[in-house]
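Text of final.txt, listed as compact mmCIF, C-alpha atoms and all ligand atoms:
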```
# COMPACT_ATOMS: atom_id res chain seq x y z
CA MET R 373 -1.41 16.05 9.70
CA LYS R 374 -3.10 12.87 10.89
CA ILE R 375 -2.69 9.56 9.08
CA GLY R 376 -4.76 6.46 9.77
CA VAL R 377 -3.59 2.89 9.38
CA LEU R 378 -6.24 0.24 8.70
CA ALA R 379 -5.77 -2.09 11.66
CA LEU R 380 -8.02 -5.06 10.86
CA GLN R 381 -5.16 -7.51 10.22
CA GLY R 382 -1.54 -7.48 9.09
CA ASP R 383 1.49 -5.38 9.96
CA PHE R 384 -0.23 -2.11 10.84
CA ALA R 385 1.95 -1.59 13.96
CA GLU R 386 5.08 -1.26 11.81
CA HIS R 387 3.46 1.46 9.70
CA ILE R 388 2.37 3.31 12.84
CA SER R 389 5.90 3.30 14.23
CA MET R 390 7.34 4.50 10.91
CA LEU R 391 4.85 7.38 10.85
CA LYS R 392 5.67 8.26 14.45
CA GLN R 393 9.37 8.34 13.52
CA LEU R 394 8.42 10.98 10.96
CA GLY R 395 6.57 12.98 13.62
CA VAL R 396 3.11 12.31 12.19
CA GLU R 397 -0.02 11.88 14.30
CA THR R 398 -1.56 8.43 13.75
CA GLU R 399 -4.82 6.55 14.30
CA GLU R 400 -5.55 2.82 14.16
CA VAL R 401 -8.69 2.45 12.05
CA ARG R 402 -11.16 -0.37 12.72
CA LEU R 403 -14.46 1.49 12.51
CA PRO R 404 -15.93 3.79 9.85
CA SER R 405 -16.16 6.68 12.36
CA GLN R 406 -12.39 6.57 12.84
CA LEU R 407 -11.85 7.79 9.26
CA LYS R 408 -13.20 11.18 10.24
CA GLY R 409 -10.56 13.88 10.45
CA LEU R 410 -7.86 11.80 8.79
CA ASP R 411 -5.72 13.31 6.03
CA GLY R 412 -4.63 9.97 4.60
CA LEU R 413 -4.77 6.24 5.18
CA ILE R 414 -2.35 3.32 4.88
CA ILE R 415 -3.61 -0.21 4.25
CA PRO R 416 -0.92 -2.61 5.47
CA GLY R 417 0.37 -5.94 4.28
CA GLY R 418 -1.18 -9.14 5.59
CA GLU R 419 -3.73 -11.33 3.88
CA SER R 420 -5.93 -9.47 1.42
CA THR R 421 -8.80 -11.95 1.66
CA THR R 422 -8.90 -11.56 5.46
CA ILE R 423 -8.62 -7.77 5.31
CA GLY R 424 -11.45 -7.74 2.73
CA LYS R 425 -13.73 -10.02 4.74
CA LEU R 426 -13.20 -7.99 7.91
CA ALA R 427 -13.77 -4.72 6.04
CA VAL R 428 -17.12 -6.11 4.84
CA ALA R 429 -18.03 -7.30 8.35
CA TYR R 430 -17.13 -3.92 9.91
CA ASN R 431 -19.14 -1.98 7.26
CA LEU R 432 -15.97 -0.31 6.06
CA MET R 433 -16.22 -0.94 2.31
CA ASP R 434 -18.27 2.13 1.28
CA PRO R 435 -16.61 4.50 3.79
CA LEU R 436 -13.17 3.42 2.51
CA LYS R 437 -14.23 3.87 -1.13
CA GLU R 438 -15.55 7.35 -0.33
CA PHE R 439 -12.42 8.22 1.61
CA GLY R 440 -10.28 7.25 -1.39
CA GLN R 441 -12.21 9.61 -3.69
CA ARG R 442 -10.99 12.58 -1.70
CA ARG R 443 -7.95 11.55 0.32
CA ALA R 444 -4.63 9.81 -0.11
CA ILE R 445 -4.49 6.04 0.42
CA TRP R 446 -1.41 3.83 0.21
CA GLY R 447 -1.68 0.05 0.09
CA THR R 448 1.39 -2.11 0.76
CA CYS R 449 1.29 -5.70 -0.51
CA ALA R 450 -2.10 -7.07 0.64
CA GLY R 451 -3.16 -3.40 0.88
CA ALA R 452 -2.21 -2.88 -2.77
CA ILE R 453 -4.30 -5.91 -3.73
CA PHE R 454 -7.25 -4.51 -1.76
CA LEU R 455 -6.97 -1.13 -3.57
CA SER R 456 -7.00 -2.72 -7.01
CA LYS R 457 -9.85 -3.19 -9.50
CA ASP R 458 -9.08 -6.73 -10.58
CA VAL R 459 -7.30 -9.75 -9.10
CA ARG R 460 -9.08 -12.35 -11.24
CA ARG R 461 -10.47 -13.96 -8.09
CA ASP R 462 -13.62 -13.41 -6.12
CA GLN R 463 -12.72 -11.40 -3.04
CA PRO R 464 -13.78 -8.00 -1.67
CA LEU R 465 -11.82 -5.17 -3.34
CA LEU R 466 -12.03 -1.40 -2.99
CA GLY R 467 -11.50 -1.05 -6.75
CA LEU R 468 -10.10 2.45 -6.35
CA MET R 469 -7.02 2.02 -8.52
CA ASP R 470 -6.90 1.15 -12.21
CA ILE R 471 -4.45 -1.67 -11.66
CA LYS R 472 -4.74 -5.38 -12.32
CA VAL R 473 -2.91 -7.50 -9.77
CA GLU R 474 -1.72 -11.08 -9.59
CA ARG R 475 -1.49 -12.37 -6.03
CA ASN R 476 1.49 -14.40 -4.83
CA ALA R 477 3.06 -13.89 -8.25
CA PHE R 478 6.62 -14.48 -7.08
CA GLY R 479 5.77 -17.78 -5.42
CA ARG R 480 5.32 -18.94 -1.86
CA GLN R 481 6.65 -17.64 1.47
CA VAL R 482 10.07 -19.22 0.80
CA ASP R 483 10.32 -17.23 -2.41
CA SER R 484 10.29 -13.94 -0.52
CA PHE R 485 13.21 -11.74 -1.60
CA GLU R 486 14.80 -8.31 -1.52
CA GLU R 487 15.74 -6.12 -4.47
CA ASP R 488 17.20 -2.67 -5.11
CA LEU R 489 14.78 -0.59 -7.14
CA ASP R 490 15.34 2.56 -9.13
CA VAL R 491 12.36 4.79 -8.31
CA PRO R 492 12.89 8.17 -10.02
CA GLU R 493 9.84 9.88 -8.44
CA LEU R 494 10.94 8.78 -4.97
CA LYS R 495 14.48 10.06 -5.51
CA GLN R 496 13.20 13.36 -6.77
CA ALA R 497 10.67 13.86 -3.97
CA THR R 498 13.13 12.97 -1.20
CA HIS R 499 16.19 14.61 -2.81
CA SER R 500 18.16 11.37 -2.71
CA SER R 501 20.11 9.45 -5.30
CA GLU R 502 20.14 5.98 -3.72
CA ASP R 503 18.13 3.07 -5.05
CA TYR R 504 15.34 1.80 -2.82
CA HIS R 505 15.97 -1.54 -1.08
CA ALA R 506 12.59 -3.28 -1.24
CA VAL R 507 11.40 -6.29 0.79
CA PHE R 508 8.95 -8.65 -0.94
CA ILE R 509 6.97 -11.21 1.10
CA ARG R 510 4.59 -13.45 -0.84
CA ALA R 511 4.21 -10.40 -2.96
CA PRO R 512 1.78 -9.63 -5.76
CA ILE R 513 2.81 -8.09 -9.05
CA ILE R 514 0.92 -5.32 -10.69
CA GLU R 515 0.18 -7.00 -14.00
CA SER R 516 -0.95 -3.83 -15.72
CA VAL R 517 -1.93 -0.25 -15.09
CA SER R 518 -4.60 1.62 -17.05
CA GLY R 519 -6.45 4.93 -17.05
CA ASP R 520 -4.72 7.50 -14.88
CA ALA R 521 -2.54 4.99 -13.06
CA LYS R 522 1.19 5.14 -13.79
CA VAL R 523 4.10 2.83 -13.09
CA LEU R 524 6.48 3.97 -10.33
CA ALA R 525 8.82 0.99 -10.09
CA ALA R 526 9.55 -2.40 -11.61
CA VAL R 527 11.91 -5.25 -10.77
CA PRO R 528 14.79 -5.81 -13.24
CA ASP R 529 12.78 -8.25 -15.39
CA GLY R 530 10.18 -5.52 -15.92
CA ARG R 531 7.41 -6.72 -13.65
CA ILE R 532 5.63 -3.75 -12.06
CA VAL R 533 5.83 -3.47 -8.27
CA ALA R 534 4.70 0.10 -7.56
CA ALA R 535 2.05 2.31 -9.11
CA GLN R 536 0.41 5.63 -8.45
CA GLN R 537 -2.89 7.17 -9.47
CA GLY R 538 -3.08 10.74 -8.26
CA HIS R 539 -3.26 10.53 -4.46
CA LEU R 540 -3.47 6.71 -4.49
CA LEU R 541 -0.33 4.61 -4.12
CA ALA R 542 0.24 0.84 -4.37
CA THR R 543 3.46 -1.04 -3.60
CA SER R 544 3.97 -4.82 -3.78
CA PHE R 545 6.70 -4.54 -1.16
CA HIS R 546 6.92 -3.53 2.50
CA PRO R 547 8.65 -0.20 3.28
CA GLU R 548 7.39 -0.48 6.87
CA LEU R 549 9.75 -3.43 7.41
CA THR R 550 12.89 -1.43 6.57
CA ASN R 551 14.69 1.52 8.15
CA ASP R 552 14.26 3.61 5.02
CA THR R 553 11.53 6.18 5.58
CA ARG R 554 11.55 7.54 2.03
CA PHE R 555 8.40 5.77 0.81
CA HIS R 556 6.46 7.00 3.83
CA GLU R 557 7.78 10.51 3.12
CA TYR R 558 6.73 10.11 -0.50
CA PHE R 559 3.23 9.08 0.56
CA LEU R 560 3.00 12.08 2.90
CA SER R 561 3.84 14.31 -0.08
CA LEU R 562 0.62 13.03 -1.76
CA VAL R 563 -1.51 14.04 1.22
CA ASP R 564 -3.24 17.42 0.70
N1 LIG B 1 -0.01 -12.96 -0.24
C1 LIG B 1 -0.81 -11.98 0.45
C2 LIG B 1 -2.15 -11.77 -0.26
O1 LIG B 1 -2.36 -12.29 -1.31
C3 LIG B 1 -0.07 -10.67 0.55
C4 LIG B 1 1.21 -10.86 1.34
C5 LIG B 1 1.64 -9.65 2.09
O2 LIG B 1 0.89 -8.71 2.32
N2 LIG B 1 2.88 -9.69 2.51
O3 LIG B 1 -2.99 -11.10 0.24
```
Here is a file; write its structure as structure tokens.
Amino acid sequence: MKIGVLALQGDFAEHISMLKQLGVETEEVRLPSQLKGLDGLIIPGGESTTIGKLAVAYNLMDPLKEFGQRRAIWGTCAGAIFLSKDVRRDQPLLGLMDIKVERNAFGRQVDSFEEDLDVPELKQATHSSEDYHAVFIRAPIIESVSGDAKVLAAVPDGRIVAAQQGHLLATSFHPELTNDTRFHEYFLSLVD
């Protein structure tokens, strides 16, 4: 299995090292040709406007949209924003997932926080019973899901922070910044 990590901007290196820990072959993706032969792709956290602008400049928009029709993609934080259909702002989006997102919904950098989340699908897939300790950094919320998208996790006040649509996954938080590999394992279970 070979998993790519979009390496235009953001914390792609942390995802790569998590995947390596799990014994998975990885590829840093900056060019459309580097998507060839990949079984799945992670879009990291960072700044979604920057990732979008660079994806346009590198002619990656259509290749990424096509990739997402067939293969698993997981967006964390800025990556989740980039996967979404609607952020109520004008910025390049892949529009692959039927989710509406509000950027920086929890406030500014100083309002970053951590929270234990009950994620039943994750527990089931990884045969574990522990809650997932999630790290939020200038995080978006997933305002709503529609179509085939379903909610995977919410913070205690009910705001949605993880969603899945078939082989597409979006999390507002950053599993690559923890020592818990379960979300990466969960993503790998979505890869055909
Ligand atoms: N606030 C960033 C954005 O709107 C996302 C932050 C992150 O990826 N940690 O794109």
Counting only C-alpha atoms, the option among R:Glu386, R:Asp470, R:Asp434, R:Glu548 closest to Glu400 in chain R: R:Glu386
Counting only C-alpha atoms, which residues sit no farther than 10 Å from the position (-1.0, -3.4, -11.2) in the file's frame? I'd like them as an MDAnalysis selection string. chainID R and resid 452:453 455:459 469:474 512:518 521:523 531:536 542:544
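Restricting the calculation to all atoms listed in the file, the smallest distance between Ser500 in chain R and any of R:Thr553, R:Ser389, R:Ser484, R:Thr448 is found for R:Thr553.
Computed from the coordinates, the CA of Pro435 in chain R to CA of Tyr558 in chain R distance equals 24.4 Å.
Counting only C-alpha atoms and comparing R:Ala511, R:Met390, R:Val482, R:Leu465, the residue that lies closest to Leu426 in chain R is R:Leu465.
When all atoms listed in the file are used to compute distances to Arg475 in chain R, the closest of the residues R:Leu524, R:Ile509, R:Ile415, R:Leu540 turns out to be R:Ile509.
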Could you pull range 386-501 of chain R out of the structure I just pasted and write it to a file containing C-alpha atoms, as a PDB file, in the first residue's frame?
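What follows is the written file out-v3.pdb:
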```pdb
ATOM      1  CA  GLU R 386       4.084  14.693  10.654  1.00  0.00           C
ATOM      2  CA  HIS R 387       1.629  12.646   8.588  1.00  0.00           C
ATOM      3  CA  ILE R 388       4.502  10.993   6.725  1.00  0.00           C
ATOM      4  CA  SER R 389       6.182   9.958   9.963  1.00  0.00           C
ATOM      5  CA  MET R 390       2.903   8.594  11.360  1.00  0.00           C
ATOM      6  CA  LEU R 391       2.389   6.519   8.209  1.00  0.00           C
ATOM      7  CA  LYS R 392       5.961   5.248   8.388  1.00  0.00           C
ATOM      8  CA  GLN R 393       5.345   4.198  11.998  1.00  0.00           C
ATOM      9  CA  LEU R 394       2.506   2.074  10.646  1.00  0.00           C
ATOM     10  CA  GLY R 395       4.817   0.511   8.061  1.00  0.00           C
ATOM     11  CA  VAL R 396       3.167   2.193   5.072  1.00  0.00           C
ATOM     12  CA  GLU R 397       5.036   3.347   1.972  1.00  0.00           C
ATOM     13  CA  THR R 398       4.648   7.119   1.488  1.00  0.00           C
ATOM     14  CA  GLU R 399       5.079   9.783  -1.184  1.00  0.00           C
ATOM     15  CA  GLU R 400       5.184  13.575  -0.869  1.00  0.00           C
ATOM     16  CA  VAL R 401       2.856  14.917  -3.552  1.00  0.00           C
ATOM     17  CA  ARG R 402       3.552  18.264  -5.236  1.00  0.00           C
ATOM     18  CA  LEU R 403       2.907  17.403  -8.870  1.00  0.00           C
ATOM     19  CA  PRO R 404      -0.045  15.755 -10.622  1.00  0.00           C
ATOM     20  CA  SER R 405       2.183  12.903 -11.879  1.00  0.00           C
ATOM     21  CA  GLN R 406       2.992  11.937  -8.289  1.00  0.00           C
ATOM     22  CA  LEU R 407      -0.625  10.826  -7.727  1.00  0.00           C
ATOM     23  CA  LYS R 408      -0.044   7.892 -10.036  1.00  0.00           C
ATOM     24  CA  GLY R 409       0.158   4.560  -8.256  1.00  0.00           C
ATOM     25  CA  LEU R 410      -1.091   5.903  -4.936  1.00  0.00           C
ATOM     26  CA  ASP R 411      -3.778   4.019  -3.007  1.00  0.00           C
ATOM     27  CA  GLY R 412      -4.824   7.004  -0.916  1.00  0.00           C
ATOM     28  CA  LEU R 413      -3.952  10.596  -0.104  1.00  0.00           C
ATOM     29  CA  ILE R 414      -3.798  12.745   3.028  1.00  0.00           C
ATOM     30  CA  ILE R 415      -4.241  16.515   2.837  1.00  0.00           C
ATOM     31  CA  PRO R 416      -2.599  18.011   5.929  1.00  0.00           C
ATOM     32  CA  GLY R 417      -3.401  20.917   8.183  1.00  0.00           C
ATOM     33  CA  GLY R 418      -1.963  24.335   7.420  1.00  0.00           C
ATOM     34  CA  GLU R 419      -3.688  27.241   5.754  1.00  0.00           C
ATOM     35  CA  SER R 420      -6.471  26.201   3.399  1.00  0.00           C
ATOM     36  CA  THR R 421      -6.268  29.365   1.287  1.00  0.00           C
ATOM     37  CA  THR R 422      -2.535  28.796   0.698  1.00  0.00           C
ATOM     38  CA  ILE R 423      -2.979  25.088  -0.039  1.00  0.00           C
ATOM     39  CA  GLY R 424      -5.774  25.993  -2.486  1.00  0.00           C
ATOM     40  CA  LYS R 425      -3.789  28.692  -4.268  1.00  0.00           C
ATOM     41  CA  LEU R 426      -0.764  26.418  -4.639  1.00  0.00           C
ATOM     42  CA  ALA R 427      -2.942  23.542  -5.865  1.00  0.00           C
ATOM     43  CA  VAL R 428      -4.294  25.868  -8.582  1.00  0.00           C
ATOM     44  CA  ALA R 429      -0.787  27.065  -9.495  1.00  0.00           C
ATOM     45  CA  TYR R 430       0.553  23.481  -9.698  1.00  0.00           C
ATOM     46  CA  ASN R 431      -2.409  22.322 -11.874  1.00  0.00           C
ATOM     47  CA  LEU R 432      -3.473  19.915  -9.162  1.00  0.00           C
ATOM     48  CA  MET R 433      -7.168  20.804  -8.848  1.00  0.00           C
ATOM     49  CA  ASP R 434      -8.613  18.486 -11.521  1.00  0.00           C
ATOM     50  CA  PRO R 435      -6.179  15.613 -10.838  1.00  0.00           C
ATOM     51  CA  LEU R 436      -7.073  15.767  -7.123  1.00  0.00           C
ATOM     52  CA  LYS R 437     -10.817  15.832  -7.877  1.00  0.00           C
ATOM     53  CA  GLU R 438     -10.422  12.819 -10.164  1.00  0.00           C
ATOM     54  CA  PHE R 439      -8.300  11.009  -7.598  1.00  0.00           C
ATOM     55  CA  GLY R 440     -11.020  11.518  -4.982  1.00  0.00           C
ATOM     56  CA  GLN R 441     -13.664   9.921  -7.225  1.00  0.00           C
ATOM     57  CA  ARG R 442     -11.828   6.618  -7.055  1.00  0.00           C
ATOM     58  CA  ARG R 443      -9.486   6.657  -4.078  1.00  0.00           C
ATOM     59  CA  ALA R 444      -9.485   7.434  -0.389  1.00  0.00           C
ATOM     60  CA  ILE R 445      -8.635  10.983   0.702  1.00  0.00           C
ATOM     61  CA  TRP R 446      -8.405  12.261   4.269  1.00  0.00           C
ATOM     62  CA  GLY R 447      -8.227  15.974   5.041  1.00  0.00           C
ATOM     63  CA  THR R 448      -7.131  17.160   8.493  1.00  0.00           C
ATOM     64  CA  CYS R 449      -8.096  20.704   9.498  1.00  0.00           C
ATOM     65  CA  ALA R 450      -7.129  22.886   6.494  1.00  0.00           C
ATOM     66  CA  GLY R 451      -7.277  19.646   4.473  1.00  0.00           C
ATOM     67  CA  ALA R 452     -10.870  19.090   5.620  1.00  0.00           C
ATOM     68  CA  ILE R 453     -11.742  22.631   4.531  1.00  0.00           C
ATOM     69  CA  PHE R 454     -10.152  21.993   1.124  1.00  0.00           C
ATOM     70  CA  LEU R 455     -12.205  18.775   0.676  1.00  0.00           C
ATOM     71  CA  SER R 456     -15.498  20.503   1.429  1.00  0.00           C
ATOM     72  CA  LYS R 457     -18.168  21.878  -0.918  1.00  0.00           C
ATOM     73  CA  ASP R 458     -18.878  25.124   0.885  1.00  0.00           C
ATOM     74  CA  VAL R 459     -17.014  27.451   3.250  1.00  0.00           C
ATOM     75  CA  ARG R 460     -19.069  30.562   2.470  1.00  0.00           C
ATOM     76  CA  ARG R 461     -15.917  32.309   1.244  1.00  0.00           C
ATOM     77  CA  ASP R 462     -14.278  32.529  -2.125  1.00  0.00           C
ATOM     78  CA  GLN R 463     -11.309  30.186  -2.123  1.00  0.00           C
ATOM     79  CA  PRO R 464     -10.317  27.130  -4.200  1.00  0.00           C
ATOM     80  CA  LEU R 465     -12.051  23.968  -2.909  1.00  0.00           C
ATOM     81  CA  LEU R 466     -12.035  20.395  -4.161  1.00  0.00           C
ATOM     82  CA  GLY R 467     -15.758  20.126  -3.359  1.00  0.00           C
ATOM     83  CA  LEU R 468     -15.526  16.358  -2.999  1.00  0.00           C
ATOM     84  CA  MET R 469     -17.390  16.047   0.293  1.00  0.00           C
ATOM     85  CA  ASP R 470     -20.968  17.065   1.017  1.00  0.00           C
ATOM     86  CA  ILE R 471     -19.989  19.061   4.064  1.00  0.00           C
ATOM     87  CA  LYS R 472     -20.354  22.732   4.859  1.00  0.00           C
ATOM     88  CA  VAL R 473     -17.490  24.116   6.917  1.00  0.00           C
ATOM     89  CA  GLU R 474     -16.912  27.213   9.003  1.00  0.00           C
ATOM     90  CA  ARG R 475     -13.259  28.183   9.199  1.00  0.00           C
ATOM     91  CA  ASN R 476     -11.644  29.247  12.472  1.00  0.00           C
ATOM     92  CA  ALA R 477     -14.947  28.515  14.195  1.00  0.00           C
ATOM     93  CA  PHE R 478     -13.445  28.031  17.639  1.00  0.00           C
ATOM     94  CA  GLY R 479     -11.590  31.343  17.549  1.00  0.00           C
ATOM     95  CA  ARG R 480      -7.995  32.377  17.060  1.00  0.00           C
ATOM     96  CA  GLN R 481      -4.685  30.572  17.640  1.00  0.00           C
ATOM     97  CA  VAL R 482      -4.928  31.182  21.403  1.00  0.00           C
ATOM     98  CA  ASP R 483      -8.264  29.389  21.437  1.00  0.00           C
ATOM     99  CA  SER R 484      -6.668  26.132  20.331  1.00  0.00           C
ATOM    100  CA  PHE R 485      -7.675  23.273  22.643  1.00  0.00           C
ATOM    101  CA  GLU R 486      -7.746  19.536  23.238  1.00  0.00           C
ATOM    102  CA  GLU R 487     -10.781  17.353  23.851  1.00  0.00           C
ATOM    103  CA  ASP R 488     -11.582  13.673  24.389  1.00  0.00           C
ATOM    104  CA  LEU R 489     -13.974  12.457  21.718  1.00  0.00           C
ATOM    105  CA  ASP R 490     -16.165   9.400  21.614  1.00  0.00           C
ATOM    106  CA  VAL R 491     -15.783   8.036  18.078  1.00  0.00           C
ATOM    107  CA  PRO R 492     -17.722   4.736  17.855  1.00  0.00           C
ATOM    108  CA  GLU R 493     -16.548   3.854  14.310  1.00  0.00           C
ATOM    109  CA  LEU R 494     -12.921   4.406  15.306  1.00  0.00           C
ATOM    110  CA  LYS R 495     -13.271   2.232  18.405  1.00  0.00           C
ATOM    111  CA  GLN R 496     -14.901  -0.506  16.419  1.00  0.00           C
ATOM    112  CA  ALA R 497     -12.375  -0.453  13.569  1.00  0.00           C
ATOM    113  CA  THR R 498      -9.345  -0.440  15.883  1.00  0.00           C
ATOM    114  CA  HIS R 499     -10.821  -2.758  18.540  1.00  0.00           C
ATOM    115  CA  SER R 500     -10.286  -0.206  21.284  1.00  0.00           C
ATOM    116  CA  SER R 501     -12.535   1.246  23.935  1.00  0.00           C
TER     117      SER R 501
END
```
